[in-house]
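Next comes query-v6.cif, a file with mmCIF, C-alpha atoms.
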```cif
data_protein
#
loop_
_atom_site.label_atom_id
_atom_site.label_comp_id
_atom_site.auth_asym_id
_atom_site.auth_seq_id
_atom_site.Cartn_x
_atom_site.Cartn_y
_atom_site.Cartn_z
CA MET K 1 -40.12 -37.68 -15.88
CA PRO K 2 -40.24 -35.17 -12.97
CA GLN K 3 -39.94 -31.56 -13.99
CA TYR K 4 -38.76 -28.67 -11.82
CA GLN K 5 -41.70 -26.40 -11.04
CA GLN K 6 -40.86 -22.81 -10.23
CA GLN K 7 -42.42 -21.83 -6.92
CA ALA K 8 -44.96 -19.04 -6.79
CA SER K 9 -43.49 -17.83 -3.49
CA TRP K 10 -39.99 -17.77 -2.03
CA ARG K 11 -39.46 -20.05 0.97
CA LEU K 12 -37.33 -18.69 3.85
CA GLU K 13 -35.67 -20.26 6.86
CA GLY K 14 -38.20 -20.93 9.60
CA GLY K 15 -40.99 -21.72 7.13
CA GLY K 16 -41.95 -18.18 6.09
CA GLN K 17 -42.64 -17.22 2.49
CA ILE K 18 -42.25 -14.14 0.33
CA ILE K 19 -45.65 -13.55 -1.25
CA ASP K 20 -44.31 -11.17 -3.90
CA LEU K 21 -41.11 -9.36 -4.86
CA GLU K 22 -42.16 -5.87 -3.76
CA THR K 23 -43.00 -7.12 -0.27
CA ALA K 24 -39.63 -8.86 -0.07
CA ILE K 25 -37.66 -5.70 -0.76
CA LYS K 26 -39.82 -3.27 1.22
CA ASP K 27 -39.76 -5.49 4.29
CA GLY K 28 -35.97 -5.82 4.13
CA ILE K 29 -36.10 -9.59 3.53
CA LEU K 30 -32.81 -11.21 2.40
CA GLY K 31 -30.80 -8.38 3.92
CA GLY K 32 -32.85 -5.53 2.48
CA GLY K 33 -31.80 -3.24 5.34
CA GLY K 34 -34.95 -1.12 5.32
CA GLY K 35 -36.22 1.35 2.79
CA GLY K 36 -37.68 0.28 -0.51
CA LEU K 37 -36.24 0.66 -3.97
CA PRO K 38 -37.08 3.90 -5.78
CA ALA K 39 -40.18 3.29 -7.87
CA GLY K 40 -40.25 3.73 -11.61
CA LYS K 41 -42.52 6.05 -13.57
CA ASP K 42 -45.30 3.49 -13.51
CA GLY K 43 -44.94 3.07 -9.75
CA THR K 44 -43.59 -0.48 -9.95
CA LEU K 45 -40.50 -1.70 -8.19
CA GLY K 46 -38.77 -3.22 -11.20
CA ALA K 47 -38.92 -0.17 -13.47
CA THR K 48 -35.71 1.37 -12.10
CA ALA K 49 -33.97 -1.90 -11.36
CA GLU K 50 -34.35 -3.30 -14.86
CA LYS K 51 -32.58 -0.29 -16.36
CA LEU K 52 -29.40 -1.10 -14.45
CA ASP K 53 -26.85 -3.64 -15.61
CA LEU K 54 -26.66 -6.32 -12.92
CA LYS K 55 -23.10 -7.37 -13.67
CA LYS K 56 -21.89 -3.77 -13.54
CA MET K 57 -23.67 -3.18 -10.24
CA ILE K 58 -22.12 -6.29 -8.67
CA GLU K 59 -18.61 -5.25 -9.78
CA GLU K 60 -18.93 -1.65 -8.55
CA LEU K 61 -20.48 -2.62 -5.23
CA ASP K 62 -17.80 -5.25 -4.64
CA SER K 63 -15.01 -2.69 -5.08
CA ALA K 64 -16.66 0.35 -3.49
CA ALA K 65 -18.83 -1.07 -0.73
CA PRO K 66 -18.21 -4.78 -0.13
CA GLU K 67 -20.76 -6.41 2.16
CA ASP K 68 -22.21 -9.81 2.94
CA VAL K 69 -24.40 -10.94 0.07
CA PRO K 70 -27.29 -13.30 0.99
CA SER K 71 -26.11 -16.87 0.55
CA VAL K 72 -29.06 -17.72 -1.74
CA PHE K 73 -27.64 -15.27 -4.29
CA ILE K 74 -24.27 -17.05 -4.43
CA CYS K 75 -23.44 -19.67 -7.06
CA PRO K 76 -22.17 -22.82 -5.26
CA ILE K 77 -19.59 -23.35 -8.02
CA SER K 78 -17.91 -19.92 -8.31
CA LEU K 79 -18.96 -18.56 -4.88
CA GLU K 80 -19.83 -15.30 -6.68
CA PRO K 81 -23.24 -13.59 -6.96
CA MET K 82 -25.34 -14.99 -9.79
CA VAL K 83 -26.30 -12.87 -12.79
CA ASP K 84 -28.21 -15.51 -14.74
CA PRO K 85 -29.44 -18.13 -12.21
CA VAL K 86 -30.78 -21.42 -13.56
CA THR K 87 -32.20 -24.39 -11.65
CA LEU K 88 -31.57 -28.10 -12.22
CA CYS K 89 -34.10 -30.91 -11.84
CA THR K 90 -32.66 -31.49 -8.32
CA GLY K 91 -33.86 -28.04 -7.24
CA GLN K 92 -30.31 -26.61 -6.92
CA THR K 93 -29.60 -23.25 -8.55
CA TYR K 94 -26.36 -22.18 -10.28
CA GLU K 95 -24.99 -19.46 -12.52
CA ARG K 96 -25.82 -20.56 -16.08
CA ALA K 97 -22.25 -20.27 -17.46
CA ASN K 98 -20.82 -22.25 -14.52
CA ILE K 99 -23.22 -25.19 -14.68
CA LEU K 100 -22.95 -25.43 -18.48
CA LYS K 101 -19.16 -25.57 -18.12
CA TRP K 102 -19.65 -28.35 -15.54
CA PHE K 103 -21.71 -30.28 -18.08
CA SER K 104 -19.13 -29.66 -20.84
CA LEU K 105 -16.51 -31.42 -18.71
CA GLY K 106 -18.57 -34.60 -18.91
CA HIS K 107 -20.25 -34.39 -15.49
CA LEU K 108 -23.88 -35.61 -15.37
CA THR K 109 -24.37 -34.88 -11.66
CA CYS K 110 -25.51 -31.99 -9.50
CA PRO K 111 -22.33 -30.33 -8.15
CA THR K 112 -23.86 -29.66 -4.73
CA THR K 113 -25.65 -32.95 -4.00
CA MET K 114 -23.68 -35.16 -6.43
CA GLN K 115 -27.01 -36.75 -7.47
CA GLU K 116 -27.17 -38.17 -10.96
CA LEU K 117 -29.37 -35.98 -13.15
CA TRP K 118 -32.40 -37.58 -14.78
CA ASP K 119 -32.76 -34.45 -16.91
CA ASP K 120 -29.92 -32.12 -17.95
CA ALA K 121 -32.26 -29.23 -18.82
CA VAL K 122 -31.73 -25.92 -16.99
CA THR K 123 -34.68 -23.70 -16.06
CA PRO K 124 -34.22 -19.92 -15.65
CA ASN K 125 -35.00 -18.97 -12.05
CA ARG K 126 -36.74 -15.69 -12.76
CA THR K 127 -37.92 -15.10 -9.22
CA LEU K 128 -34.40 -15.37 -7.85
CA HIS K 129 -33.05 -13.24 -10.68
CA GLN K 130 -35.53 -10.49 -9.80
CA LEU K 131 -34.60 -10.71 -6.13
CA ILE K 132 -30.88 -10.48 -6.92
CA ASN K 133 -31.44 -7.59 -9.30
CA ALA K 134 -33.63 -5.71 -6.82
CA TRP K 135 -31.22 -6.31 -3.91
CA PHE K 136 -28.19 -5.02 -5.82
CA SER K 137 -30.15 -2.18 -7.44
CA GLN K 138 -31.20 -0.86 -4.05
CA ARG K 139 -27.65 -0.77 -2.78
CA TYR K 140 -26.22 0.54 -6.04
CA LEU K 141 -28.61 3.50 -6.16
CA LEU K 142 -27.95 4.22 -2.49
CA LEU K 143 -24.20 4.16 -3.15
CA LYS K 144 -24.61 6.58 -6.05
CA LYS K 145 -26.74 8.91 -3.97
CA ARG K 146 -24.19 8.89 -1.14
CA SER K 147 -21.42 9.54 -3.64
CA GLU K 148 -23.25 12.54 -5.06
CA ASP K 149 -23.92 13.83 -1.54
CA VAL K 150 -20.25 13.41 -0.58
CA GLN K 151 -19.02 15.21 -3.70
CA GLY K 152 -21.42 18.06 -3.04
CA ARG K 153 -20.22 18.28 0.54
CA ALA K 154 -16.58 18.33 -0.62
CA ALA K 155 -17.29 21.18 -3.04
CA GLU K 156 -19.04 23.11 -0.23
CA LEU K 157 -16.05 22.66 2.08
CA VAL K 158 -13.64 23.90 -0.58
CA GLN K 159 -15.75 27.02 -1.09
CA SER K 160 -16.05 27.59 2.67
CA LEU K 161 -12.25 27.64 2.99
CA LYS K 162 -12.27 30.95 1.10
CA LYS K 163 -14.31 32.58 3.86
CA VAL K 164 -13.75 30.92 7.22
CA LYS K 165 -10.83 31.72 9.53
CA GLY K 166 -9.25 30.38 12.68
CA GLN K 167 -10.66 27.25 14.27
CA ALA K 168 -13.51 27.12 11.75
CA ARG K 169 -10.94 26.81 8.96
CA VAL K 170 -9.13 24.03 10.81
CA GLN K 171 -12.40 22.14 11.26
CA ALA K 172 -13.33 22.56 7.59
CA LEU K 173 -9.92 21.17 6.61
CA LYS K 174 -10.35 18.21 8.97
CA ASP K 175 -13.77 17.45 7.46
CA LEU K 176 -12.40 17.68 3.93
CA GLN K 177 -9.47 15.41 4.76
CA LYS K 178 -11.79 12.74 6.14
CA ILE K 179 -13.94 12.84 2.99
CA VAL K 180 -10.93 12.66 0.65
CA VAL K 181 -9.48 9.65 2.49
CA ALA K 182 -12.81 7.80 2.75
CA HIS K 183 -14.04 8.53 -0.79
CA PRO K 184 -11.33 8.49 -3.52
CA SER K 185 -13.89 9.67 -6.10
CA VAL K 186 -13.95 13.05 -4.33
CA LYS K 187 -10.37 13.83 -5.43
CA LYS K 188 -11.54 14.97 -8.86
CA THR K 189 -14.27 17.11 -7.30
CA VAL K 190 -11.71 18.88 -5.11
CA ALA K 191 -9.46 19.50 -8.12
CA ASP K 192 -12.32 20.68 -10.36
CA SER K 193 -13.56 23.14 -7.73
CA GLY K 194 -10.14 24.81 -7.49
CA GLY K 195 -9.26 23.03 -4.26
CA VAL K 196 -5.60 22.33 -5.06
CA SER K 197 -4.65 25.96 -5.73
CA LEU K 198 -6.71 27.09 -2.75
CA LEU K 199 -5.03 24.60 -0.42
CA SER K 200 -1.61 25.58 -1.77
CA SER K 201 -2.35 29.25 -1.04
CA LEU K 202 -2.95 28.37 2.61
CA LEU K 203 0.69 27.31 3.00
CA GLY K 204 3.05 30.17 3.73
CA PRO K 205 5.36 31.81 6.28
CA PHE K 206 2.47 32.93 8.48
CA THR K 207 0.46 29.69 8.37
CA SER K 208 -0.16 28.06 11.74
CA HIS K 209 0.89 24.46 12.19
CA ALA K 210 -2.75 23.57 12.93
CA VAL K 211 -3.78 24.71 9.45
CA GLY K 212 -0.60 23.55 7.73
CA SER K 213 -0.78 19.99 9.04
CA GLU K 214 -4.36 19.57 7.80
CA VAL K 215 -3.53 21.03 4.39
CA ILE K 216 -0.59 18.64 3.97
CA ALA K 217 -2.78 15.72 5.08
CA ILE K 218 -5.17 16.55 2.22
CA LEU K 219 -2.56 17.26 -0.46
CA VAL K 220 -0.75 13.93 0.01
CA ASN K 221 -4.03 12.19 -0.87
CA LEU K 222 -4.63 14.17 -4.07
CA CYS K 223 -3.25 13.69 -7.59
CA LEU K 224 -1.25 16.86 -8.17
CA ASP K 225 -0.22 18.04 -11.62
CA SER K 226 3.19 19.43 -12.53
CA ASP K 227 2.17 23.08 -12.03
CA ALA K 228 0.79 22.39 -8.56
CA LYS K 229 3.97 20.57 -7.48
CA THR K 230 6.17 23.34 -8.83
CA SER K 231 4.15 25.92 -6.91
CA LEU K 232 4.47 23.90 -3.71
CA MET K 233 8.28 23.88 -4.02
CA GLN K 234 8.47 27.57 -3.11
CA PRO K 235 10.98 28.12 -0.26
CA ALA K 236 8.40 29.59 2.15
CA ARG K 237 6.16 26.52 1.78
CA ILE K 238 9.02 24.04 2.12
CA SER K 239 10.21 25.92 5.21
CA LEU K 240 6.79 25.48 6.83
CA VAL K 241 6.80 21.76 6.03
CA VAL K 242 10.27 21.37 7.56
CA ASP K 243 9.10 23.17 10.71
CA MET K 244 6.15 20.79 11.02
CA LEU K 245 8.46 17.83 10.40
CA ASN K 246 10.45 18.97 13.43
CA GLU K 247 7.61 19.89 15.75
CA GLY K 248 4.40 18.18 14.58
CA THR K 249 2.63 15.04 15.74
CA ILE K 250 3.79 11.70 14.38
CA ASP K 251 0.97 11.70 11.81
CA THR K 252 1.97 15.18 10.65
CA LYS K 253 5.62 14.15 10.39
CA ILE K 254 4.73 11.12 8.27
CA ASN K 255 2.53 13.25 6.00
CA CYS K 256 5.35 15.79 5.63
CA THR K 257 7.79 13.08 4.50
CA ARG K 258 5.21 11.78 2.00
CA PHE K 259 4.63 15.34 0.78
CA ILE K 260 8.33 16.05 0.14
CA GLU K 261 8.83 12.65 -1.50
CA MET K 262 5.85 13.40 -3.76
CA LEU K 263 7.46 16.68 -4.84
CA MET K 264 10.76 14.92 -5.52
CA GLU K 265 9.04 12.82 -8.21
CA GLU K 266 8.59 15.96 -10.33
CA LYS K 267 11.11 16.39 -13.17
CA SER K 268 11.67 20.04 -12.31
CA PHE K 269 12.64 19.21 -8.71
CA ARG K 270 15.90 20.84 -7.58
CA TRP K 271 18.18 19.25 -5.00
CA GLU K 272 18.50 22.61 -3.21
CA VAL K 273 14.95 22.11 -1.93
CA VAL K 274 16.13 19.33 0.40
CA SER K 275 19.58 20.70 1.23
CA SER K 276 18.42 21.91 4.64
CA LEU K 277 20.21 20.90 7.83
CA SER K 278 16.96 21.31 9.73
CA LEU K 279 15.22 18.87 7.37
CA LEU K 280 17.97 16.24 7.65
CA VAL K 281 18.13 16.51 11.44
CA ALA K 282 14.35 16.13 11.65
CA LEU K 283 14.47 13.03 9.44
CA LEU K 284 17.18 11.39 11.56
CA ARG K 285 15.17 12.14 14.69
CA LEU K 286 12.12 10.50 13.08
CA VAL K 287 14.15 7.46 12.01
CA LYS K 288 15.52 6.96 15.52
CA ASP K 289 12.10 7.14 17.20
CA LYS K 290 11.48 3.44 17.90
CA ARG K 291 8.01 4.15 19.31
CA HIS K 292 6.65 4.73 15.82
CA PRO K 293 7.71 2.10 13.23
CA ASN K 294 5.60 3.81 10.55
CA GLY K 295 7.48 7.05 11.14
CA MET K 296 10.80 5.22 10.97
CA ALA K 297 9.86 3.68 7.61
CA ALA K 298 8.64 7.03 6.23
CA GLY K 299 11.81 8.81 7.36
CA LEU K 300 14.10 6.19 5.80
CA SER K 301 12.14 6.29 2.56
CA LEU K 302 12.57 10.06 2.21
CA LEU K 303 16.22 9.96 3.31
CA LYS K 304 16.88 7.32 0.66
CA ALA K 305 15.24 9.54 -1.97
CA ILE K 306 17.35 12.51 -0.86
CA CYS K 307 20.53 10.41 -1.05
CA SER K 308 19.88 9.86 -4.76
CA HIS K 309 21.08 13.46 -5.19
CA GLU K 310 24.86 13.30 -4.89
CA GLN K 311 25.12 17.00 -4.01
CA VAL K 312 23.36 16.42 -0.66
CA ARG K 313 25.29 13.33 0.52
CA SER K 314 28.12 15.23 2.22
CA LEU K 315 25.55 17.34 4.07
CA ILE K 316 23.81 14.17 5.31
CA VAL K 317 27.14 12.85 6.59
CA SER K 318 27.82 16.17 8.36
CA VAL K 319 24.72 15.80 10.58
CA GLY K 320 25.98 12.44 11.92
CA ALA K 321 23.81 10.17 9.82
CA VAL K 322 26.39 7.38 9.43
CA PRO K 323 26.94 6.37 13.09
CA GLN K 324 23.24 6.85 13.90
CA LEU K 325 22.11 4.56 11.06
CA VAL K 326 24.82 1.96 11.75
CA GLU K 327 23.69 1.78 15.37
CA LEU K 328 20.10 1.12 14.28
CA LEU K 329 20.92 -1.70 11.83
CA PRO K 330 20.67 -4.74 14.15
CA ASN K 331 17.18 -3.81 15.37
CA LEU K 332 15.55 -2.73 12.10
CA SER K 333 12.69 -4.66 10.53
CA PRO K 334 13.35 -6.22 7.10
CA GLU K 335 11.25 -3.45 5.52
CA CYS K 336 13.48 -0.78 7.06
CA SER K 337 16.81 -2.60 6.72
CA GLU K 338 17.00 -2.32 2.95
CA PRO K 339 16.57 1.48 2.69
CA ALA K 340 18.98 1.95 5.63
CA TRP K 341 21.68 -0.14 3.91
CA HIS K 342 20.95 1.64 0.63
CA ILE K 343 21.52 5.03 2.30
CA LEU K 344 24.82 3.93 3.87
CA ASP K 345 25.99 2.50 0.55
CA ASP K 346 25.22 5.82 -1.15
CA LEU K 347 27.06 7.74 1.57
CA SER K 348 30.11 5.48 1.21
CA THR K 349 30.65 6.94 -2.28
CA THR K 350 31.74 10.25 -0.71
CA PRO K 351 35.14 10.65 1.02
CA GLU K 352 33.41 12.00 4.16
CA GLY K 353 30.93 9.13 4.25
CA LEU K 354 33.57 6.44 3.74
CA SER K 355 35.73 7.94 6.46
CA ALA K 356 32.74 8.07 8.82
CA LEU K 357 31.98 4.40 8.12
CA LYS K 358 35.59 3.42 8.81
CA ASP K 359 35.69 5.40 12.05
CA CYS K 360 32.40 4.01 13.37
CA PRO K 361 33.30 1.03 15.62
CA GLN K 362 30.02 -0.78 14.84
CA THR K 363 30.23 -0.64 11.02
CA ILE K 364 32.22 -3.84 10.47
CA PRO K 365 30.63 -6.00 13.22
CA ASN K 366 27.07 -5.05 12.19
CA ALA K 367 27.77 -5.49 8.49
CA VAL K 368 29.34 -8.92 9.02
CA ARG K 369 26.59 -10.04 11.40
CA LEU K 370 23.79 -9.12 9.00
CA LEU K 371 25.31 -10.69 5.87
CA MET K 372 22.94 -13.29 4.38
CA ARG K 373 20.33 -12.59 7.06
CA VAL K 374 17.90 -10.09 5.56
CA SER K 375 17.84 -10.07 1.77
CA GLU K 376 20.17 -10.34 -1.18
CA ALA K 377 19.92 -6.58 -1.69
CA CYS K 378 21.04 -5.93 1.90
CA THR K 379 23.89 -8.42 1.47
CA GLN K 380 24.95 -6.58 -1.68
CA TYR K 381 24.97 -3.20 0.08
CA ALA K 382 26.84 -4.61 3.10
CA LEU K 383 29.49 -6.23 0.88
CA SER K 384 29.91 -2.97 -1.03
CA ILE K 385 30.48 -1.08 2.21
CA LEU K 386 32.86 -3.71 3.63
CA TRP K 387 34.84 -3.75 0.41
CA ALA K 388 35.16 0.06 0.40
CA VAL K 389 36.17 0.23 4.08
CA CYS K 390 38.66 -2.67 3.89
CA LYS K 391 40.24 -1.26 0.76
CA LEU K 392 40.57 2.16 2.40
CA ALA K 393 42.45 0.74 5.40
CA PRO K 394 43.30 -2.94 4.68
CA ASP K 395 45.73 -3.45 7.56
CA GLU K 396 43.27 -2.13 10.14
CA CYS K 397 39.80 -2.95 8.78
CA ALA K 398 40.45 -6.26 6.99
CA SER K 399 41.78 -7.81 10.20
CA LEU K 400 38.81 -6.53 12.20
CA ALA K 401 36.44 -7.97 9.60
CA VAL K 402 38.09 -11.41 9.62
CA GLU K 403 38.06 -11.53 13.43
CA ALA K 404 34.32 -10.66 13.28
CA GLY K 405 33.75 -13.77 11.13
CA LEU K 406 33.75 -12.20 7.66
CA ALA K 407 35.78 -14.96 5.97
CA ALA K 408 33.27 -17.67 6.87
CA LYS K 409 30.36 -15.46 5.83
CA LEU K 410 31.98 -14.77 2.47
CA LEU K 411 32.28 -18.49 1.85
CA LEU K 412 28.55 -18.79 2.53
CA VAL K 413 27.85 -16.09 -0.03
CA ILE K 414 30.05 -17.79 -2.64
CA GLN K 415 28.29 -21.13 -2.10
CA SER K 416 24.77 -19.61 -2.02
CA GLY K 417 22.29 -18.99 -4.80
CA CYS K 418 23.13 -15.29 -4.97
CA SER K 419 23.84 -13.51 -8.25
CA PRO K 420 27.20 -14.08 -10.02
CA GLU K 421 28.12 -10.41 -9.46
CA LEU K 422 27.60 -10.77 -5.72
CA LYS K 423 29.68 -13.96 -5.59
CA GLN K 424 32.45 -12.23 -7.52
CA ARG K 425 32.50 -9.33 -5.05
CA ALA K 426 32.60 -11.80 -2.14
CA ALA K 427 35.56 -13.64 -3.72
CA GLU K 428 37.45 -10.38 -4.24
CA LEU K 429 36.83 -9.32 -0.65
CA LEU K 430 37.91 -12.75 0.61
CA LYS K 431 41.18 -12.41 -1.30
CA LEU K 432 41.74 -8.91 0.11
CA CYS K 433 41.16 -10.12 3.66
CA SER K 434 43.62 -13.03 3.26
CA LEU K 435 46.62 -10.85 2.49
CA ASN K 436 47.58 -10.28 6.13
CA TYR K 437 47.40 -13.97 7.12
CA THR K 438 49.34 -17.14 6.48
CA THR K 439 47.43 -19.77 4.54
CA THR K 440 46.99 -22.07 7.56
CA LEU K 441 45.84 -19.27 9.86
CA PHE K 442 43.39 -17.87 7.30
CA ILE K 443 41.86 -21.29 6.69
CA SER K 444 41.21 -21.57 10.42
CA LYS K 445 39.40 -18.23 10.26
CA CYS K 446 37.07 -19.62 7.61
CA LYS K 447 35.52 -22.21 9.93
CA LEU K 448 31.74 -21.82 10.01
CA THR K 449 31.02 -22.89 13.58
CA ARG K 450 31.30 -19.54 15.29
CA THR K 451 29.63 -17.70 12.42
CA ILE K 452 26.60 -20.01 12.39
CA GLN K 453 26.25 -19.74 16.15
#
```

The structure in this file should be written as structure tokens.
Amino acid sequence: MPQYQQQASWRLEGGGQIIDLETAIKDGILGGGGGGLPAGKDGTLGATAEKLDLKKMIEELDSAAPEDVPSVFICPISLEPMVDPVTLCTGQTYERANILKWFSLGHLTCPTTMQELWDDAVTPNRTLHQLINAWFSQRYLLLKKRSEDVQGRAAELVQSLKKVKGQARVQALKDLQKIVVAHPSVKKTVADSGGVSLLSSLLGPFTSHAVGSEVIAILVNLCLDSDAKTSLMQPARISLVVDMLNEGTIDTKINCTRFIEMLMEEKSFRWEVVSSLSLLVALLRLVKDKRHPNGMAAGLSLLKAICSHEQVRSLIVSVGAVPQLVELLPNLSPECSEPAWHILDDLSTTPEGLSALKDCPQTIPNAVRLLMRVSEACTQYALSILWAVCKLAPDECASLAVEAGLAAKLLLVIQSGCSPELKQRAAELLKLCSLNYTTTLFISKCKLTRTIQ
């Protein structure tokens, strides 16, 4: 019976061969990329590699530095790198656990060639295992070295911020921000080296926007504790952030919204921090800037968070938020529609907000038009607003809503797969709208043709 004989050398495409493992790695064969593996104490290649857990290396490299793994290292069954490669009598190599599972399912064939096996024995492919181990070890050790270098560089930059001024400080902040974004592991280094308190101290009434924008860009990428967030809520620091939200670049404005929203997650947050007309005006300006969808989404997200504080809602209405948001509704993306409707629904709970919604000529047409078109949540918010407006002025608003096609849309909601609560609200609104019509006339208003068109 033929037996699989392990080759003394590794055959490559084009007919070449690897004479030995050390040559393979040093010459960059199989994607080695230049530079040999660090040698062990005895000067051999495998001394360092064997100390490392192959499975752990594969997992860490896959998450931290994914790259193309040589195809000969991949198990044809799982399409993952092999840890324990074994070879069948057909010459095909698989991960041991995968091929044994294949056999346990009653298969007596080679999964790749579908040849019937004349021998179901599996032979450890030690040469390939060494190649896989050496290849991943090289990259793993390089990754660790780079990580250590990056953390050292981050610590140096934090220390330099205590000394440098002017443009040198701005450049140091830019460099630190790039490292923090590119290497999440550096966040702990920055915190441990006193970076958070140092960065916080750079924000104040006399801080330039050039420095402030870079500091905020770093802070929004760090994990801040409760004390740090409380310190950052100081009026002078919030005032600087609001100024940058009004006058900064689009990236700075987005970072400022993320920064304030991050502070609002703290239990000790006070609504007075966001009760600034300048802040609300800046947010509405950001939301209306159609050139930057990311800025629009960030602005709506923060405005929604601010609306959760009832004390600020009247102030938001006073800066003209209602008509501006209603005007935007038809052109918003699905991702932006929901927070916009949520904000308007929150504002409708105040007398000023409800009055503003009633007085805005586009409220009813836009709400009716967008029913059942975006999401169930948006439909719920729109129905809530329509109910509140029509109940406030039934003679005026209910008729406008029916003429805009509301009756037919409400029938669609009732017959849809929406929640029972939503269907109940639609039925109540339908009844309210019918009060000013005869039965025959109202039934004619419920025809679906115009609504569907």

Would you mind telling me which residue in K:Lys144, K:Ala427, K:Ala305, K:Arg291 lies nearest to Ile260 (chain K) when using all atoms listed in the file?
->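 Smallest separation from Ile260 (chain K) among the options: K:Ala305.
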
Which region 309-352 of chain K residues have any atom within 10 Å of an atom of region 384-395 of chain K, and for each, what is the nearest pair of atoms with distance in Å to one decimal, counting only C-alpha atoms, rows sorted by chain and number, as JSON lines?
```
{"residue": "K:Trp341", "atom": "CA", "partner": "K:Ile385", "partner_atom": "CA", "distance": 9.0}
{"residue": "K:Leu344", "atom": "CA", "partner": "K:Ile385", "partner_atom": "CA", "distance": 7.7}
{"residue": "K:Asp345", "atom": "CA", "partner": "K:Ile385", "partner_atom": "CA", "distance": 6.0}
{"residue": "K:Asp346", "atom": "CA", "partner": "K:Ile385", "partner_atom": "CA", "distance": 9.3}
{"residue": "K:Leu347", "atom": "CA", "partner": "K:Ile385", "partner_atom": "CA", "distance": 9.5}
{"residue": "K:Ser348", "atom": "CA", "partner": "K:Ile385", "partner_atom": "CA", "distance": 6.6}
{"residue": "K:Thr349", "atom": "CA", "partner": "K:Ala388", "partner_atom": "CA", "distance": 8.7}
```

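Residue neighbourhood of region 114-129 of chain K, excluding near-sequence residues (fewer than 2 positions): Pro85, Val86, Thr87, Leu88, Leu108, Thr109, Cys110, Pro111, Thr112, Leu131 and Ile132 of chain K, at 6 Å, using all atoms listed in the file.
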
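CA of Gln171 (chain K) sits 14.3 Å away from CA of Ile216 (chain K).
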
Using all atoms listed in the file, the shortest atom-to-atom distance to Ala228 (chain K) among K:Thr257, K:Thr207, K:Gln159, K:Val196 belongs to K:Val196

Determine, counting all atoms listed in the file, which protein, DNA and RNA residues have an atom within 8 Å of an atom of Phe269 (chain K); residues of the same chain fewer than 4 positions away are not included. Present the result as an mmCIF file with C-alpha atoms, keeping the file's coordinate frame.
```
data_model
loop_
_atom_site.group_PDB
_atom_site.id
_atom_site.type_symbol
_atom_site.label_atom_id
_atom_site.label_comp_id
_atom_site.auth_asym_id
_atom_site.auth_seq_id
_atom_site.Cartn_x
_atom_site.Cartn_y
_atom_site.Cartn_z
ATOM 1 C CA THR K 230 6.170 23.340 -8.830
ATOM 2 C CA MET K 233 8.280 23.880 -4.020
ATOM 3 C CA LEU K 263 7.460 16.680 -4.840
ATOM 4 C CA MET K 264 10.760 14.920 -5.520
ATOM 5 C CA GLU K 265 9.040 12.820 -8.210
ATOM 6 C CA VAL K 273 14.950 22.110 -1.930
#
```

Exercise. Rounded to one decimal in Å, what is the spacing between CA of Pro420 (chain K) and CA of Ala382 (chain K)?
Worked result: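 Between these atoms lies a distance of 16.2 Å.
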
Worksheet item: Can you find the residues with an atom no farther than 12 Å from (35.9, -9.5, 9.9), counting all atoms listed in the file, and report them as a ChimeraX atom specification?
Response: /K:362-369,371,383,386-387,389-390,394-410,429-430,432-434,442,445-446,451

Tell me, as a PyMOL selection string, which residues lie within 12 Å of Ile179 (chain K), counting all atoms listed in the file; anything in the same chain fewer than 2 positions away does not count.
chain K and resi 146-147+149-158+172-177+181-187+189-190+217-218+221-222

Might I get the box with edges along x, y and z of the file that holds all atoms of region 82-98 of chain K listed there, padded by 5 Å on every side, given as centre and edge lengths in Å to one decimal, as lines of an AutoDock Vina configuration file?
```
center_x = -27.5
center_y = -22.2
center_z = -12.2
size_x = 23.3
size_y = 28.6
size_z = 20.5
```

Here's the selection I'm unsure about, the PyMOL selection byres ((chain K and resi 95) around 6); applied to the file above, which residues does it give, as a VMD selection string? chain K and resid 75 82 84 to 85 94 96 to 98

Q.
Quick check on the file I pasted: which residues fall under the PyMOL selection byres ((chain K and resi 319) around 8)? Write them as a PyMOL selection string.
A. chain K and resi 277+280-281+315-318+320-321

In Å and to one decimal, CA of Ser268 (chain K) is distant from CA of Leu302 (chain K) by 17.6 Å

Best match for closeness to Glu338 (chain K) among K:Cys307, K:Leu300, K:Ala236, K:Leu100, counting all atoms listed in the file:
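Once distances to Glu338 (chain K) are computed over all atoms listed in the file, the minimum belongs to K:Leu300.
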
At a cut-off of 9 Å, using all atoms listed in the file, what residues contact Ser71 (chain K)? Leave out same-chain residues fewer than 3 positions from it and give the result as a ChimeraX atom specification.
/K:30,68,74-75,81

Given the file above and the PyMOL selection byres ((chain K and resi 295) around 10), which residues are selected, and can you give them as an MDAnalysis selection string?
chainID K and resid 250:255 257 283 285:294 296:301

The residue from K:Ile306, K:Val242, K:Ala134, K:Leu284 with the smallest atom-to-atom distance to Glu272 (chain K), counting all atoms listed in the file, is K:Ile306

Shell of 12 Å around Arg237 (chain K), only C-alpha atoms, local chain residues under 5 positions omitted, as a PyMOL selection string: chain K and resi 199-209+212-213+215-216+229-232+242-244+256+259-260+263+273
